[in-house]
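Below is one structure, written out as structure tokens; comments come after it.
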Amino acid sequence: MPATSPAPLTVGFDLDMTLLDTRPGIRATYLALSAETGTPIDADLVVTRLGPPLVEEIRNWFPADEVERAVDRYRELYRDYAFAPTVALPGAHAAVEAVRAHGGRVAVITGKYEPNARLHLEHAGLAADTVIGDLWAETKGVALREHGASVYVGDHLGDIRGARHAGAVAVCVPTGPYGAEELRAAGADVVLTDLTAFPDWLAGHLAAG
């Protein structure tokens with residue numbers, strides 16, 4: 001019987017607070033939405049709890065019958081306010097390049113509205129083979145499994161749930177709302193200081209595999 005070829009390497013990455021520090025842009029967008037609608041929004045609080053779907057955050061500030069409209073308007077304003085102040089987190093470019101150096105594919109699986117996620121990556125000069133948005137926790141896991149990702153890199157407890165759902169290695173960085181110990185306690189397989197440590201970890205992981 002001929003030997004089967006190993007599956008090609010695919011590594012999934014979260015976007016917000018994993019690859020990009022989007023807090024300044026998100027804060028600016030919420031302030032613009034607040035000013036336009038006259039609805040008070042604590043933008044400083046909002047950026048401490050990024051991760052869950054946008055609609056969940058919007059529900060904290062708008063009546064139920066205004067939520068859908070507020071979500072749509074936020075996504076429109078985002079293009080004017082969010083891209084310029086957003087920067088890549090330390091090691092983000094090197095992490096993506098490390099996957100490619102091993103012949104792998106990069107899949108960005110994010111809760112962000114997909115068109116805006118693609119524009120973010122373009123603005124930051126980060127190239128992904130696949131970008132899928134509007135996903136959270138276990139639904140991220142569905143996409144990871146569909147694309148054959150064996151590793152998922154994130155910063156949130158929901159990212160760990162997504163990796164687990166896909167049977168992928170959950171690699172976390174404490175650059176978002178959770179510290180290293182919280183991520184470990186939630187089941188992260190690996191916790192790196194930040195993405196600057198990812199290339200060496202990936203090389204070791206592949207060598208051991």
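Scheme for the structure tokens: letters A, B, ... for chains in order shown; per-chain residue numbers from 1; ligand numbers from 1 in order shown.
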I'd like the neighbourhood of Asn60 of chain A as a short mmCIF file (atom, residue, chain, number, x, y, z; two decimals) with C-alpha atoms, in the first residue's frame, where a residue qualifies if any of its atoms comes within 12 Å (using only C-alpha atoms), though same-chain residues fewer than 3 positions away should be ignored.
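Okay, this is what ended up in around.cif:
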data_model
loop_
_atom_site.label_atom_id
_atom_site.label_comp_id
_atom_site.auth_asym_id
_atom_site.auth_seq_id
_atom_site.Cartn_x
_atom_site.Cartn_y
_atom_site.Cartn_z
CA THR A 39 -25.96 57.24 22.73
CA PRO A 40 -23.46 57.18 25.61
CA ILE A 41 -20.84 54.44 25.09
CA ASP A 42 -17.90 53.77 27.38
CA ALA A 43 -15.35 53.10 24.64
CA LEU A 45 -14.52 49.75 28.75
CA VAL A 46 -15.40 48.24 25.37
CA LEU A 54 -19.99 42.84 17.77
CA VAL A 55 -23.74 42.47 18.25
CA GLU A 56 -23.20 41.35 21.85
CA GLU A 57 -21.31 44.54 22.68
CA PRO A 63 -32.25 49.29 22.74
CA ALA A 64 -33.14 46.01 21.06
CA GLU A 66 -31.87 49.78 17.34
CA VAL A 67 -29.18 47.11 17.60
CA ALA A 70 -26.23 50.37 15.11
CA VAL A 71 -24.21 47.32 14.05
#
message = Need the shell around segment 163-173 of chain A: protein/DNA/RNA residues with any atom at most 8 Å away, counting only C-alpha atoms. Skip same-chain ones fewer than 4 positions apart. Format as a ChimeraX atom specification?
response = /A:18,138,140-142,144-145,149-156,159,180,183,187-195
Secondary structure check, alpha helix (DSSP H) residues of segment 6-201 of chain A, as a PyMOL selection string = chain A and resi 23-37+43-46+54-58+67-81+92-101+114-124+138-146+157-166+180-185+198-201
Give me the segment 57-81 of chain A side of the contact with segment 104-124 of chain A, cut-off 9 Å, one line per residue showing its nearest atom pair and distance in Å at one decimal, counting only C-alpha atoms, sorted by chain and residue number, as a tab-separated table.
residue	atom	partner	partner_atom	distance
A:Arg75	CA	A:Tyr113	CA	7.6
A:Tyr78	CA	A:Asn116	CA	7.8
A:Arg79	CA	A:Asn116	CA	7.2
Next, dump the selected residues to file, keeping only all heavy atoms, as a PDB file, in the first residue's frame.
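Result went into selection-v7.pdb, see below:
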ATOM      1  N   ARG A  75     -20.072  49.301  11.443  1.00  0.00           N
ATOM      2  CA  ARG A  75     -19.217  48.705  10.417  1.00  0.00           C
ATOM      3  C   ARG A  75     -18.883  49.689   9.308  1.00  0.00           C
ATOM      4  O   ARG A  75     -17.792  49.634   8.728  1.00  0.00           O
ATOM      5  CB  ARG A  75     -19.901  47.459   9.853  1.00  0.00           C
ATOM      6  CG  ARG A  75     -19.877  46.300  10.834  1.00  0.00           C
ATOM      7  CD  ARG A  75     -20.728  45.140  10.393  1.00  0.00           C
ATOM      8  NE  ARG A  75     -20.484  43.965  11.246  1.00  0.00           N
ATOM      9  CZ  ARG A  75     -21.238  42.888  11.260  1.00  0.00           C
ATOM     10  NH1 ARG A  75     -22.290  42.806  10.445  1.00  0.00           N
ATOM     11  NH2 ARG A  75     -20.943  41.875  12.055  1.00  0.00           N
ATOM     12  N   TYR A  78     -16.358  52.167  10.840  1.00  0.00           N
ATOM     13  CA  TYR A  78     -15.093  51.480  11.099  1.00  0.00           C
ATOM     14  C   TYR A  78     -14.075  51.756  10.000  1.00  0.00           C
ATOM     15  O   TYR A  78     -12.886  51.929  10.262  1.00  0.00           O
ATOM     16  CB  TYR A  78     -15.373  49.983  11.206  1.00  0.00           C
ATOM     17  CG  TYR A  78     -14.273  49.186  11.859  1.00  0.00           C
ATOM     18  CD1 TYR A  78     -14.282  48.966  13.236  1.00  0.00           C
ATOM     19  CD2 TYR A  78     -13.236  48.634  11.118  1.00  0.00           C
ATOM     20  CE1 TYR A  78     -13.279  48.225  13.853  1.00  0.00           C
ATOM     21  CE2 TYR A  78     -12.238  47.893  11.727  1.00  0.00           C
ATOM     22  CZ  TYR A  78     -12.264  47.699  13.083  1.00  0.00           C
ATOM     23  OH  TYR A  78     -11.266  46.972  13.691  1.00  0.00           O
ATOM     24  N   ARG A  79     -14.545  51.821   8.786  1.00  0.00           N
ATOM     25  CA  ARG A  79     -13.626  52.028   7.658  1.00  0.00           C
ATOM     26  C   ARG A  79     -13.003  53.417   7.665  1.00  0.00           C
ATOM     27  O   ARG A  79     -11.923  53.625   7.123  1.00  0.00           O
ATOM     28  CB  ARG A  79     -14.363  51.775   6.341  1.00  0.00           C
ATOM     29  CG  ARG A  79     -14.887  50.350   6.259  1.00  0.00           C
ATOM     30  CD  ARG A  79     -15.413  49.996   4.904  1.00  0.00           C
ATOM     31  NE  ARG A  79     -15.850  48.599   4.871  1.00  0.00           N
ATOM     32  CZ  ARG A  79     -16.015  47.893   3.772  1.00  0.00           C
ATOM     33  NH1 ARG A  79     -15.783  48.450   2.593  1.00  0.00           N
ATOM     34  NH2 ARG A  79     -16.419  46.643   3.817  1.00  0.00           N
TER      35      ARG A  79
END
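Nearest-residue note for Ala82 of chain A: choosing from A:Gly25, A:Gly103, A:Gly133, A:Gly38, the minimum distance belongs to A:Gly25, counting only C-alpha atoms.
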inquiry  = Could you go through segment 30-175 of chain A and tell me which residues DSSP, when run on the backbone, assigns to strand (DSSP E), listing them as a ChimeraX atom specification?
reply    = /A:87-88,105-109,130-132,151-154,169-172
Need to verify the contact set: Glu36 of chain A, 12 Å, only C-alpha atoms, exclusion of same-chain residues closer than 6 positions in sequence. Can you return it as a PDB file with N, CA and C atoms, in the first residue's frame?
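out.pdb was written with the following content:
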ATOM      1  N   THR A  29     -13.946  54.290  16.700  1.00  0.00           N
ATOM      2  CA  THR A  29     -15.201  54.007  16.001  1.00  0.00           C
ATOM      3  C   THR A  29     -16.387  54.093  16.948  1.00  0.00           C
ATOM      4  N   TYR A  30     -16.237  53.564  18.139  1.00  0.00           N
ATOM      5  CA  TYR A  30     -17.331  53.649  19.114  1.00  0.00           C
ATOM      6  C   TYR A  30     -17.598  55.094  19.520  1.00  0.00           C
ATOM      7  N   ALA A  70     -27.473  49.912  14.511  1.00  0.00           N
ATOM      8  CA  ALA A  70     -26.227  50.372  15.115  1.00  0.00           C
ATOM      9  C   ALA A  70     -25.045  49.514  14.669  1.00  0.00           C
ATOM     10  N   ARG A  73     -24.155  50.564  11.142  1.00  0.00           N
ATOM     11  CA  ARG A  73     -23.500  51.875  11.095  1.00  0.00           C
ATOM     12  C   ARG A  73     -22.079  51.791  11.672  1.00  0.00           C
ATOM     13  N   TYR A  74     -21.893  51.018  12.714  1.00  0.00           N
ATOM     14  CA  TYR A  74     -20.558  50.824  13.269  1.00  0.00           C
ATOM     15  C   TYR A  74     -19.611  50.296  12.194  1.00  0.00           C
ATOM     16  N   LEU A  77     -18.710  53.097   9.818  1.00  0.00           N
ATOM     17  CA  LEU A  77     -17.797  54.060  10.429  1.00  0.00           C
ATOM     18  C   LEU A  77     -16.404  53.463  10.632  1.00  0.00           C
TER      19      LEU A  77
END
query = What is the distance, in Å and to one decimal place, between atom CA of Arg59 of chain A and atom CA of Ala186 of chain A?
reply = 26.2 Å
remark   = Across A:Leu15, A:Ala207, A:Ile26, A:Leu20, the smallest distance to Gly91 of chain A, with only C-alpha atoms counted, is shown by A:Leu20
